[in-house]
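Below: input-v3.cif (mmCIF, C-alpha atoms and all ligand atoms)
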```
data_entry
#
loop_
_atom_site.label_atom_id
_atom_site.label_comp_id
_atom_site.auth_asym_id
_atom_site.auth_seq_id
_atom_site.Cartn_x
_atom_site.Cartn_y
_atom_site.Cartn_z
CA MET L 1088 0.00 0.00 0.00
CA GLN L 1089 1.32 3.38 -0.99
CA ILE L 1090 1.21 6.14 1.63
CA CYS L 1091 0.89 9.57 0.04
CA GLU L 1092 1.21 12.73 2.08
CA SER L 1093 1.06 15.14 -0.85
CA ILE L 1094 -1.68 15.86 -3.36
CA LYS L 1095 0.91 15.47 -6.12
CA ALA L 1096 1.80 11.94 -4.96
CA ILE L 1097 -1.79 10.70 -4.61
CA LYS L 1098 -2.71 12.22 -7.99
CA ALA L 1099 0.22 10.42 -9.61
CA SER L 1100 -0.74 7.11 -8.01
CA VAL L 1101 -4.40 7.42 -9.07
CA SER L 1102 -3.62 8.66 -12.58
CA ASP L 1103 -1.52 5.58 -13.12
CA ALA L 1104 -4.51 3.42 -12.07
CA ARG L 1105 -6.83 5.43 -14.29
CA ALA L 1106 -4.50 5.02 -17.26
CA ARG L 1107 -4.89 1.27 -16.73
CA GLU L 1108 -8.69 1.81 -16.84
CA LEU L 1109 -9.13 0.57 -13.29
CA LYS L 1110 -12.34 1.38 -11.38
CA ILE L 1111 -11.34 3.75 -8.58
CA GLY L 1112 -12.94 3.73 -5.14
CA LEU L 1113 -12.48 6.32 -2.39
CA VAL L 1114 -13.20 5.87 1.31
CA PRO L 1115 -12.90 9.27 3.04
CA THR L 1116 -12.13 8.95 6.78
CA MET L 1117 -10.74 10.86 9.72
CA GLY L 1118 -8.89 7.77 10.96
CA CYS L 1119 -9.05 5.90 14.28
CA PHE L 1120 -10.48 3.00 12.31
CA HIS L 1121 -13.18 0.74 13.71
CA GLU L 1122 -15.24 -1.97 12.08
CA GLY L 1123 -17.49 0.67 10.47
CA HIS L 1124 -14.54 2.06 8.47
CA LEU L 1125 -13.13 -1.39 7.78
CA SER L 1126 -16.44 -2.68 6.39
CA LEU L 1127 -16.53 0.30 3.97
CA MET L 1128 -12.96 -0.47 2.88
CA ARG L 1129 -13.78 -4.16 2.33
CA LYS L 1130 -16.81 -3.19 0.23
CA ALA L 1131 -14.67 -0.78 -1.79
CA VAL L 1132 -12.00 -3.43 -2.34
CA GLN L 1133 -14.68 -5.89 -3.51
CA GLU L 1134 -16.34 -3.43 -5.88
CA CYS L 1135 -13.37 -1.44 -7.24
CA ASP L 1136 -9.98 -2.21 -8.77
CA TYR L 1137 -8.02 0.54 -7.04
CA VAL L 1138 -8.98 1.80 -3.59
CA VAL L 1139 -7.82 5.02 -1.97
CA VAL L 1140 -8.53 5.68 1.69
CA SER L 1141 -8.08 9.26 2.83
CA LEU L 1142 -7.15 9.86 6.45
CA PHE L 1143 -7.52 13.53 7.26
CA ILE L 1144 -8.89 15.11 10.42
CA ASN L 1145 -10.54 18.02 8.70
CA PRO L 1146 -10.34 21.19 10.82
CA THR L 1147 -13.02 23.06 8.86
CA GLN L 1148 -15.80 20.71 9.98
CA PHE L 1149 -15.17 21.28 13.71
CA GLY L 1150 -16.65 24.23 15.60
CA PRO L 1151 -14.35 26.38 17.79
CA GLU L 1152 -15.55 24.63 20.99
CA GLU L 1153 -15.44 21.13 19.47
CA ASP L 1154 -12.98 18.26 19.75
CA PHE L 1155 -10.59 18.92 16.82
CA ASN L 1156 -7.52 19.11 19.08
CA VAL L 1157 -8.29 15.91 20.96
CA TYR L 1158 -9.80 13.86 18.12
CA PRO L 1159 -8.34 10.33 18.50
CA LYS L 1160 -5.36 9.43 16.31
CA SER L 1161 -3.83 6.01 15.59
CA PHE L 1162 -1.96 6.32 12.29
CA GLU L 1163 0.33 3.26 12.51
CA ARG L 1164 -2.53 0.96 13.48
CA ASP L 1165 -4.85 2.49 10.84
CA ALA L 1166 -2.27 2.08 8.07
CA ALA L 1167 -1.70 -1.59 9.01
CA LEU L 1168 -5.46 -2.30 9.04
CA ALA L 1169 -6.01 -0.64 5.65
CA GLU L 1170 -3.07 -2.51 4.15
CA ASP L 1171 -4.41 -5.85 5.46
CA ILE L 1172 -7.74 -5.22 3.73
CA GLY L 1173 -6.03 -4.60 0.40
CA VAL L 1174 -6.32 -0.83 0.14
CA ASN L 1175 -3.98 0.43 -2.61
CA ALA L 1176 -3.20 3.93 -1.40
CA LEU L 1177 -3.58 5.83 1.84
CA PHE L 1178 -3.82 9.59 1.40
CA PHE L 1179 -2.62 11.21 4.64
CA PRO L 1180 -2.06 14.92 4.00
CA PRO L 1181 -1.05 17.48 6.61
CA VAL L 1182 -3.51 20.34 7.17
CA GLU L 1183 -1.37 22.84 5.14
CA GLU L 1184 -1.53 20.53 2.13
CA MET L 1185 -5.34 20.69 2.05
CA TYR L 1186 -5.68 24.28 3.29
CA PRO L 1187 -2.53 26.22 2.33
CA PRO L 1188 -2.12 29.82 3.50
CA GLY L 1189 -4.52 32.02 1.53
CA TYR L 1190 -7.11 29.26 1.12
CA GLN L 1191 -10.57 30.83 0.62
CA THR L 1192 -12.97 28.52 -1.24
CA TYR L 1193 -15.82 26.61 0.42
CA VAL L 1194 -18.61 24.39 -0.86
CA GLU L 1195 -22.00 24.75 0.79
CA VAL L 1196 -25.20 22.75 0.37
CA GLU L 1197 -28.13 24.84 1.58
CA ASN L 1198 -31.50 23.72 3.02
CA ILE L 1199 -30.82 20.21 4.33
CA THR L 1200 -27.77 21.38 6.25
CA GLY L 1201 -29.86 23.68 8.48
CA ILE L 1202 -31.45 20.83 10.44
CA LEU L 1203 -30.36 17.92 12.70
CA CYS L 1204 -26.54 18.02 13.13
CA GLY L 1205 -26.33 21.15 10.96
CA ARG L 1206 -28.46 23.05 13.50
CA SER L 1207 -26.41 21.87 16.49
CA ARG L 1208 -23.06 22.24 14.72
CA PRO L 1209 -23.16 25.43 12.62
CA GLY L 1210 -20.64 25.30 9.76
CA HIS L 1211 -20.05 21.56 10.17
CA PHE L 1212 -21.47 20.50 6.81
CA ARG L 1213 -19.77 23.40 5.01
CA GLY L 1214 -16.50 21.89 6.21
CA VAL L 1215 -17.56 18.37 5.24
CA THR L 1216 -18.69 19.29 1.72
CA THR L 1217 -15.60 21.42 1.18
CA VAL L 1218 -13.16 18.67 2.12
CA VAL L 1219 -15.15 15.95 0.34
CA ALA L 1220 -15.36 18.06 -2.83
CA LYS L 1221 -11.58 18.57 -2.62
CA LEU L 1222 -11.00 14.83 -2.12
CA PHE L 1223 -13.30 14.08 -5.06
CA ASN L 1224 -11.34 16.52 -7.24
CA ILE L 1225 -7.99 15.13 -6.16
CA VAL L 1226 -8.84 11.41 -6.48
CA GLN L 1227 -11.64 11.58 -9.08
CA PRO L 1228 -13.10 8.26 -7.92
CA ASP L 1229 -15.82 6.31 -9.72
CA ARG L 1230 -17.33 5.38 -6.35
CA ALA L 1231 -17.10 6.87 -2.87
CA TYR L 1232 -18.08 5.11 0.35
CA PHE L 1233 -19.75 6.59 3.44
CA GLY L 1234 -21.39 5.06 6.51
CA GLN L 1235 -25.13 5.29 7.17
CA LYS L 1236 -24.48 6.30 10.78
CA ASP L 1237 -23.91 9.77 9.36
CA ALA L 1238 -27.23 9.64 7.47
CA GLN L 1239 -27.47 13.43 7.07
CA GLN L 1240 -23.88 13.59 5.82
CA VAL L 1241 -24.74 11.01 3.14
CA ALA L 1242 -27.83 13.01 2.09
CA VAL L 1243 -25.79 16.24 1.95
CA ILE L 1244 -23.00 14.65 -0.10
CA LYS L 1245 -25.50 13.08 -2.52
CA GLN L 1246 -27.09 16.52 -2.95
CA MET L 1247 -23.68 18.10 -3.62
CA VAL L 1248 -22.78 15.40 -6.16
CA LYS L 1249 -26.10 15.92 -7.95
CA ASP L 1250 -25.99 19.73 -7.87
CA LEU L 1251 -22.35 19.96 -8.98
CA ASN L 1252 -22.72 17.27 -11.68
CA MET L 1253 -20.01 15.10 -10.19
CA ASP L 1254 -19.82 11.72 -11.90
CA ILE L 1255 -19.37 9.74 -8.70
CA LYS L 1256 -21.57 6.98 -7.33
CA ILE L 1257 -22.12 7.37 -3.57
CA ILE L 1258 -22.29 4.03 -1.79
CA THR L 1259 -23.65 3.78 1.75
CA GLY L 1260 -22.46 1.09 4.17
CA LYS L 1261 -24.74 -0.11 6.94
CA ILE L 1262 -24.21 0.88 10.57
CA ILE L 1263 -21.87 -1.50 12.37
CA ARG L 1264 -22.77 -2.03 16.03
CA GLU L 1265 -21.02 -3.34 19.11
CA ASN L 1266 -22.58 -6.27 21.03
CA GLY L 1267 -24.89 -4.07 23.12
CA GLY L 1268 -26.09 -2.27 19.98
CA LEU L 1269 -23.94 0.86 20.35
CA ALA L 1270 -23.10 2.18 16.87
CA MET L 1271 -19.35 2.13 16.27
CA SER L 1272 -17.82 5.59 16.27
CA SER L 1273 -14.35 7.01 16.82
CA ARG L 1274 -15.93 9.23 19.50
CA ASN L 1275 -16.89 6.13 21.55
CA THR L 1276 -13.28 6.33 22.83
CA TYR L 1277 -14.41 9.38 24.89
CA LEU L 1278 -16.88 7.25 26.90
CA ASN L 1279 -16.10 5.87 30.35
CA PRO L 1280 -17.54 2.40 31.14
CA ALA L 1281 -20.74 3.80 32.74
CA GLU L 1282 -21.37 6.13 29.78
CA ARG L 1283 -20.67 3.36 27.29
CA ASN L 1284 -23.24 1.20 29.02
CA ALA L 1285 -25.74 4.08 29.19
CA ALA L 1286 -25.27 4.84 25.48
CA THR L 1287 -26.81 1.49 24.54
CA VAL L 1288 -30.15 3.20 25.28
CA LEU L 1289 -29.92 4.77 21.81
CA TYR L 1290 -30.24 1.54 19.87
CA ARG L 1291 -32.80 0.14 22.33
CA SER L 1292 -34.91 3.29 21.83
CA LEU L 1293 -34.60 3.14 18.04
CA LYS L 1294 -35.59 -0.55 18.07
CA GLY L 1295 -38.52 0.36 20.34
CA ALA L 1296 -39.66 2.96 17.79
CA GLU L 1297 -39.35 0.42 15.01
CA GLU L 1298 -41.52 -2.00 17.01
CA SER L 1299 -44.15 0.70 17.67
CA ILE L 1300 -44.34 1.38 13.93
CA ALA L 1301 -44.65 -2.35 13.26
CA GLY L 1302 -47.48 -2.33 15.85
CA GLY L 1303 -49.33 0.36 13.85
CA GLU L 1304 -48.12 3.70 15.25
CA ARG L 1305 -48.23 6.35 12.50
CA ASP L 1306 -48.05 9.59 14.49
CA PRO L 1307 -44.48 11.02 14.41
CA ALA L 1308 -45.17 13.27 17.43
CA LYS L 1309 -46.19 10.29 19.59
CA LEU L 1310 -43.23 8.26 18.37
CA ARG L 1311 -40.85 11.13 19.13
CA GLU L 1312 -42.32 11.49 22.63
CA GLN L 1313 -41.86 7.76 23.20
CA LEU L 1314 -38.21 7.98 22.08
CA LEU L 1315 -37.56 10.99 24.32
CA ILE L 1316 -39.07 9.29 27.38
CA LYS L 1317 -36.95 6.20 26.81
CA ILE L 1318 -33.68 8.07 26.19
CA ASN L 1319 -34.28 10.49 29.09
CA SER L 1320 -34.88 7.54 31.42
CA GLU L 1321 -31.11 7.09 31.22
CA PRO L 1322 -29.65 9.64 33.70
CA LEU L 1323 -26.33 10.00 31.80
CA ALA L 1324 -28.08 10.93 28.53
CA ASP L 1325 -28.42 14.57 27.51
CA VAL L 1326 -30.54 14.79 24.36
CA ASP L 1327 -29.48 17.14 21.55
CA TYR L 1328 -32.22 16.08 19.11
CA VAL L 1329 -34.68 13.32 18.29
CA GLU L 1330 -36.21 13.74 14.82
CA ILE L 1331 -38.37 11.75 12.45
CA LEU L 1332 -38.08 12.91 8.86
CA SER L 1333 -38.81 11.78 5.32
CA MET L 1334 -35.94 10.19 3.38
CA PRO L 1335 -34.09 11.37 1.37
CA GLU L 1336 -35.71 14.86 1.48
CA LEU L 1337 -35.24 15.24 5.25
CA GLN L 1338 -38.59 17.00 5.59
CA THR L 1339 -40.83 16.91 8.68
CA ILE L 1340 -43.87 14.70 8.20
CA ALA L 1341 -47.37 14.68 9.72
CA HIS L 1342 -47.93 10.99 9.12
CA LEU L 1343 -45.48 8.10 9.00
CA GLN L 1344 -45.50 6.81 5.48
CA GLY L 1345 -42.88 5.81 2.88
CA LYS L 1346 -39.17 5.91 3.62
CA ILE L 1347 -38.36 7.58 6.93
CA LEU L 1348 -35.31 8.46 9.00
CA ILE L 1349 -35.44 8.29 12.78
CA ALA L 1350 -32.34 10.16 13.94
CA VAL L 1351 -30.99 10.91 17.39
CA ALA L 1352 -28.05 12.91 18.75
CA VAL L 1353 -27.35 12.56 22.45
CA TRP L 1354 -24.50 13.61 24.73
CA PHE L 1355 -22.97 11.12 27.14
CA GLY L 1356 -20.28 12.99 29.06
CA LYS L 1357 -17.84 14.47 26.51
CA ALA L 1358 -19.16 12.35 23.63
CA ARG L 1359 -21.94 13.56 21.35
CA LEU L 1360 -23.20 10.36 19.74
CA ILE L 1361 -25.51 10.06 16.75
CA ASP L 1362 -27.52 7.06 15.63
CA ASN L 1363 -30.44 6.38 13.34
CA ILE L 1364 -32.60 3.86 11.58
CA ILE L 1365 -34.00 4.20 8.11
CA MET L 1366 -37.16 2.24 7.38
CA GLU L 1367 -39.98 1.86 4.91
CA VAL L 1368 -43.43 2.34 6.51
O1 LIG P 1401 -17.42 11.02 8.21
C1 LIG P 1401 -16.25 11.47 8.34
O2 LIG P 1401 -15.37 10.84 8.93
C2 LIG P 1401 -15.92 12.84 7.80
O3 LIG P 1401 -17.00 13.71 7.94
C3 LIG P 1401 -15.43 12.82 6.33
C4 LIG P 1401 -16.51 12.33 5.40
C5 LIG P 1401 -14.21 11.92 6.24
C6 LIG P 1401 -15.02 14.22 5.91
O4 LIG P 1401 -14.00 14.73 6.69
#
```

How does this structure look as structure tokens?
Ligand code: PAF
Amino acid sequence: MQICESIKAIKASVSDARARELKIGLVPTMGCFHEGHLSLMRKAVQECDYVVVSLFINPTQFGPEEDFNVYPKSFERDAALAEDIGVNALFFPPVEEMYPPGYQTYVEVENITGILCGRSRPGHFRGVTTVVAKLFNIVQPDRAYFGQKDAQQVAVIKQMVKDLNMDIKIITGKIIRENGGLAMSSRNTYLNPAERNAATVLYRSLKGAEESIAGGERDPAKLREQLLIKINSEPLADVDYVEILSMPELQTIAHLQGKILIAVAVWFGKARLIDNIIMEV
């Protein structure tokens, strides 16, 4: 596996693959790999001929009070895991390579970034779409892989790809969960044992909502109330949002019908965790 720290080096490595008419896959990450990342890499390796994983903790998607400076890092371990899976190139640029002095261009998707995580984390999606657009321009992949845990991120990136006529297929990998149901996330490393245990309430609540729908519940307000009661029954949980929206439009709905997203964001100590289920009603 090639490790490229410069844009020039990764472009050279990919252009060689493109000249050989290989199908190019990109898995954008911020590192600290867990099974969620690894499952995306395996999928990319299965579906593409040349796979690039980017490992870049993107400062522009963190707010001033957020965890950019303490975001977990494990480069050596990450590189070994990616290599084992059969990734061809790891793009690991320093911040100045992606945002050199004088940098001033940003990519912004409008409406659907003003809700859910976009409301709680102003500027977050502007940073995500900017860095992802840059990665897409640098690597020019045929396919790019993202996890469904970040359901809004996937919707925002798909909107950007459509609006900016990017010829890239966005592939979504399912949420990978630990034994107790906790969705895997690099931020789970912030949890102490009590918080980790408490955080399993998220999946139990989402499953409860799914069961209520299966039992005939069609009122999103009642379902939301039920979710809030369940999550708030856990003393260590501090709810940021609980929302039930249409998919992929991310619009509020008066009646549960069609494809829906049930999304939650909840603080447990220093960790703000998100989780969701997408289902057809
Ligand atoms: O999901 C992430 O890890 C990040 O938001 C991404 C897509 C790598 C952009 O920095």

Please identify every residue of chain L that has at least one atom no farther than 6 Å from an atom of ligand LIG 1401 (chain P), counting all atoms listed in the file, and for each give the shortest atom pair and the distance in Å to one decimal, arranged by chain then increasing number, as a Markdown table.
```
| residue | atom | partner | partner_atom | distance |
| --- | --- | --- | --- | --- |
| L:Pro1115 | CA | P:LIG1401 | C5 | 4.4 |
| L:Thr1116 | CA | P:LIG1401 | C5 | 3.7 |
| L:Met1117 | CA | P:LIG1401 | O2 | 4.7 |
| L:Asn1145 | CA | P:LIG1401 | O4 | 5.2 |
| L:Val1215 | CA | P:LIG1401 | C6 | 4.9 |
| L:Val1219 | CA | P:LIG1401 | C6 | 5.8 |
```

Proximity to Lys1357 of chain L - best of L:Ile1202, L:Asp1154, L:Ile1340, L:Gln1227, only C-alpha atoms: L:Asp1154

Straight-line distance linking atom CA of Met1334 of chain L with atom CA of Ile1365 of chain L, stated in Å to one decimal: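 Going from atom CA of Met1334 of chain L over to atom CA of Ile1365 of chain L covers 7.9 Å.
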
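Proximity ranking of L:Gln1338, L:Gln1235, L:Gln1089, L:Thr1259 relative to Thr1200 of chain L places L:Gln1338 first, based on all atoms listed in the file.
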
Nearest candidate to Met1185 of chain L (options L:Leu1289, L:Val1218, L:Cys1204, L:Leu1251; using only C-alpha atoms):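 Closest to Met1185 of chain L of all the choices is L:Val1218.
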
Long-range neighbours of Asn1279 of chain L as a PyMOL selection string, 10 Å cut-off, only C-alpha atoms, 2 positions minimum in chain: chain L and resi 1275-1277+1281-1285+1355-1358

Could I get the residues of segment 1241-1335 of chain L with an atom no further than 9 Å from an atom of segment 1125-1131 of chain L, each paired with its nearest atom pair and that distance in Å to one decimal, using all atoms listed in the file, sorted by chain and residue number, as CSV?
```
residue,atom,partner,partner_atom,distance
L:Ile1258,CA,L:Leu1127,CA,9.0
L:Thr1259,CA,L:Leu1127,CA,8.2
L:Gly1260,CA,L:Leu1127,CA,6.0
L:Lys1261,CA,L:Ser1126,CA,8.7
L:Ile1263,CA,L:Ser1126,CA,8.2
```

Polymer residues at most 7 Å from segment 1290-1301 of chain L, all atoms listed in the file, same-chain spacing of 6 or more positions, as an NGL selection string: :L and (1268-1269 or 1310 or 1314 or 1317-1318 or 1364)

Surrounding residues of Asp1165 of chain L excluding itself and chain neighbours under 5 positions, 8 Å, only C-alpha atoms, as number ranges by chain: L: 1118-1120

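You will find atom CA of Pro1322 of chain L at 23.2 Å from atom CA of Glu1153 of chain L.
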
Atomic separation - atom CA of Ser1272 of chain L relative to atom CA of Ser1207 of chain L, Å: 18.4 Å

If you count all atoms listed in the file, which residues fall within 7 Å of Val1226 of chain L, apart from same-chain ones fewer than 3 positions away, as a PDB file with C-alpha atoms, keeping the file's coordinate frame?
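So result.pdb came out as:
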```
ATOM      1  CA  LYS L1098      -2.710  12.220  -7.990  1.00  0.00           C
ATOM      2  CA  VAL L1101      -4.400   7.420  -9.070  1.00  0.00           C
ATOM      3  CA  LEU L1222     -11.000  14.830  -2.120  1.00  0.00           C
ATOM      4  CA  PHE L1223     -13.300  14.080  -5.060  1.00  0.00           C
TER       5      PHE L1223
END
```

12 Å contact set for segment 1166-1168 of chain L, all atoms listed in the file, chain neighbours under 4 positions out, as a PyMOL selection string: chain L and resi 1088-1091+1118-1122+1124-1126+1128-1129+1139-1142+1160-1162+1172-1179

Would you mind writing segment 1258-1292 of chain L with N, CA and C atoms, as a PDB file, keeping the file's coordinate frame?
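What follows is the written file selection.pdb:
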```
ATOM      1  N   ILE L1258     -21.870   5.313  -2.344  1.00  0.00           N
ATOM      2  CA  ILE L1258     -22.290   4.030  -1.790  1.00  0.00           C
ATOM      3  C   ILE L1258     -22.370   4.170  -0.262  1.00  0.00           C
ATOM      4  N   THR L1259     -23.468   3.673   0.301  1.00  0.00           N
ATOM      5  CA  THR L1259     -23.650   3.780   1.750  1.00  0.00           C
ATOM      6  C   THR L1259     -23.484   2.409   2.404  1.00  0.00           C
ATOM      7  N   GLY L1260     -22.657   2.347   3.420  1.00  0.00           N
ATOM      8  CA  GLY L1260     -22.460   1.090   4.170  1.00  0.00           C
ATOM      9  C   GLY L1260     -23.316   1.101   5.426  1.00  0.00           C
ATOM     10  N   LYS L1261     -23.836  -0.066   5.797  1.00  0.00           N
ATOM     11  CA  LYS L1261     -24.740  -0.110   6.940  1.00  0.00           C
ATOM     12  C   LYS L1261     -24.004   0.188   8.272  1.00  0.00           C
ATOM     13  N   ILE L1262     -24.796   0.554   9.265  1.00  0.00           N
ATOM     14  CA  ILE L1262     -24.210   0.880  10.570  1.00  0.00           C
ATOM     15  C   ILE L1262     -23.676  -0.398  11.215  1.00  0.00           C
ATOM     16  N   ILE L1263     -22.459  -0.336  11.687  1.00  0.00           N
ATOM     17  CA  ILE L1263     -21.870  -1.500  12.370  1.00  0.00           C
ATOM     18  C   ILE L1263     -21.970  -1.230  13.881  1.00  0.00           C
ATOM     19  N   ARG L1264     -22.480  -2.214  14.607  1.00  0.00           N
ATOM     20  CA  ARG L1264     -22.770  -2.030  16.030  1.00  0.00           C
ATOM     21  C   ARG L1264     -21.931  -2.948  16.911  1.00  0.00           C
ATOM     22  N   GLU L1265     -21.668  -2.476  18.121  1.00  0.00           N
ATOM     23  CA  GLU L1265     -21.020  -3.340  19.110  1.00  0.00           C
ATOM     24  C   GLU L1265     -22.067  -4.319  19.650  1.00  0.00           C
ATOM     25  N   ASN L1266     -21.649  -5.260  20.515  1.00  0.00           N
ATOM     26  CA  ASN L1266     -22.580  -6.270  21.030  1.00  0.00           C
ATOM     27  C   ASN L1266     -23.851  -5.700  21.652  1.00  0.00           C
ATOM     28  N   GLY L1267     -23.712  -4.661  22.473  1.00  0.00           N
ATOM     29  CA  GLY L1267     -24.890  -4.070  23.120  1.00  0.00           C
ATOM     30  C   GLY L1267     -25.724  -3.205  22.196  1.00  0.00           C
ATOM     31  N   GLY L1268     -25.319  -3.066  20.940  1.00  0.00           N
ATOM     32  CA  GLY L1268     -26.090  -2.270  19.980  1.00  0.00           C
ATOM     33  C   GLY L1268     -25.520  -0.879  19.732  1.00  0.00           C
ATOM     34  N   LEU L1269     -24.529  -0.475  20.541  1.00  0.00           N
ATOM     35  CA  LEU L1269     -23.940   0.860  20.350  1.00  0.00           C
ATOM     36  C   LEU L1269     -23.290   0.957  18.970  1.00  0.00           C
ATOM     37  N   ALA L1270     -23.673   2.000  18.202  1.00  0.00           N
ATOM     38  CA  ALA L1270     -23.100   2.180  16.870  1.00  0.00           C
ATOM     39  C   ALA L1270     -21.616   2.504  16.999  1.00  0.00           C
ATOM     40  N   MET L1271     -20.793   1.866  16.178  1.00  0.00           N
ATOM     41  CA  MET L1271     -19.350   2.130  16.270  1.00  0.00           C
ATOM     42  C   MET L1271     -19.053   3.553  15.825  1.00  0.00           C
ATOM     43  N   SER L1272     -18.186   4.209  16.569  1.00  0.00           N
ATOM     44  CA  SER L1272     -17.820   5.590  16.270  1.00  0.00           C
ATOM     45  C   SER L1272     -16.454   5.857  16.907  1.00  0.00           C
ATOM     46  N   SER L1273     -15.650   6.668  16.237  1.00  0.00           N
ATOM     47  CA  SER L1273     -14.350   7.010  16.820  1.00  0.00           C
ATOM     48  C   SER L1273     -14.551   7.736  18.146  1.00  0.00           C
ATOM     49  N   ARG L1274     -15.670   8.454  18.267  1.00  0.00           N
ATOM     50  CA  ARG L1274     -15.930   9.230  19.500  1.00  0.00           C
ATOM     51  C   ARG L1274     -16.334   8.325  20.672  1.00  0.00           C
ATOM     52  N   ASN L1275     -16.598   7.035  20.422  1.00  0.00           N
ATOM     53  CA  ASN L1275     -16.890   6.130  21.550  1.00  0.00           C
ATOM     54  C   ASN L1275     -15.682   6.042  22.489  1.00  0.00           C
ATOM     55  N   THR L1276     -14.486   6.389  21.973  1.00  0.00           N
ATOM     56  CA  THR L1276     -13.280   6.330  22.830  1.00  0.00           C
ATOM     57  C   THR L1276     -13.372   7.369  23.962  1.00  0.00           C
ATOM     58  N   TYR L1277     -14.263   8.374  23.827  1.00  0.00           N
ATOM     59  CA  TYR L1277     -14.410   9.380  24.890  1.00  0.00           C
ATOM     60  C   TYR L1277     -15.236   8.861  26.075  1.00  0.00           C
ATOM     61  N   LEU L1278     -15.938   7.719  25.876  1.00  0.00           N
ATOM     62  CA  LEU L1278     -16.880   7.250  26.900  1.00  0.00           C
ATOM     63  C   LEU L1278     -16.176   6.485  28.007  1.00  0.00           C
ATOM     64  N   ASN L1279     -16.576   6.747  29.258  1.00  0.00           N
ATOM     65  CA  ASN L1279     -16.100   5.870  30.350  1.00  0.00           C
ATOM     66  C   ASN L1279     -17.043   4.658  30.396  1.00  0.00           C
ATOM     67  N   PRO L1280     -16.712   3.624  31.181  1.00  0.00           N
ATOM     68  CA  PRO L1280     -17.540   2.400  31.140  1.00  0.00           C
ATOM     69  C   PRO L1280     -19.026   2.661  31.436  1.00  0.00           C
ATOM     70  N   ALA L1281     -19.322   3.539  32.399  1.00  0.00           N
ATOM     71  CA  ALA L1281     -20.740   3.800  32.740  1.00  0.00           C
ATOM     72  C   ALA L1281     -21.453   4.474  31.570  1.00  0.00           C
ATOM     73  N   GLU L1282     -20.753   5.433  30.921  1.00  0.00           N
ATOM     74  CA  GLU L1282     -21.370   6.130  29.780  1.00  0.00           C
ATOM     75  C   GLU L1282     -21.568   5.188  28.597  1.00  0.00           C
ATOM     76  N   ARG L1283     -20.584   4.325  28.403  1.00  0.00           N
ATOM     77  CA  ARG L1283     -20.670   3.360  27.290  1.00  0.00           C
ATOM     78  C   ARG L1283     -21.893   2.456  27.479  1.00  0.00           C
ATOM     79  N   ASN L1284     -22.095   2.039  28.710  1.00  0.00           N
ATOM     80  CA  ASN L1284     -23.240   1.200  29.020  1.00  0.00           C
ATOM     81  C   ASN L1284     -24.546   1.996  28.821  1.00  0.00           C
ATOM     82  N   ALA L1285     -24.535   3.235  29.309  1.00  0.00           N
ATOM     83  CA  ALA L1285     -25.740   4.080  29.190  1.00  0.00           C
ATOM     84  C   ALA L1285     -26.088   4.334  27.721  1.00  0.00           C
ATOM     85  N   ALA L1286     -25.057   4.469  26.895  1.00  0.00           N
ATOM     86  CA  ALA L1286     -25.270   4.840  25.480  1.00  0.00           C
ATOM     87  C   ALA L1286     -25.997   3.751  24.684  1.00  0.00           C
ATOM     88  N   THR L1287     -26.073   2.547  25.242  1.00  0.00           N
ATOM     89  CA  THR L1287     -26.810   1.490  24.540  1.00  0.00           C
ATOM     90  C   THR L1287     -28.305   1.807  24.496  1.00  0.00           C
ATOM     91  N   VAL L1288     -28.735   2.798  25.302  1.00  0.00           N
ATOM     92  CA  VAL L1288     -30.150   3.200  25.280  1.00  0.00           C
ATOM     93  C   VAL L1288     -30.545   3.712  23.889  1.00  0.00           C
ATOM     94  N   LEU L1289     -29.583   4.212  23.132  1.00  0.00           N
ATOM     95  CA  LEU L1289     -29.920   4.770  21.810  1.00  0.00           C
ATOM     96  C   LEU L1289     -30.490   3.688  20.894  1.00  0.00           C
ATOM     97  N   TYR L1290     -29.770   2.600  20.781  1.00  0.00           N
ATOM     98  CA  TYR L1290     -30.240   1.540  19.870  1.00  0.00           C
ATOM     99  C   TYR L1290     -31.515   0.904  20.406  1.00  0.00           C
ATOM    100  N   ARG L1291     -31.581   0.725  21.753  1.00  0.00           N
ATOM    101  CA  ARG L1291     -32.800   0.140  22.330  1.00  0.00           C
ATOM    102  C   ARG L1291     -33.994   1.045  22.030  1.00  0.00           C
ATOM    103  N   SER L1292     -33.809   2.347  22.097  1.00  0.00           N
ATOM    104  CA  SER L1292     -34.910   3.290  21.830  1.00  0.00           C
ATOM    105  C   SER L1292     -35.310   3.247  20.363  1.00  0.00           C
TER     106      SER L1292
END
```
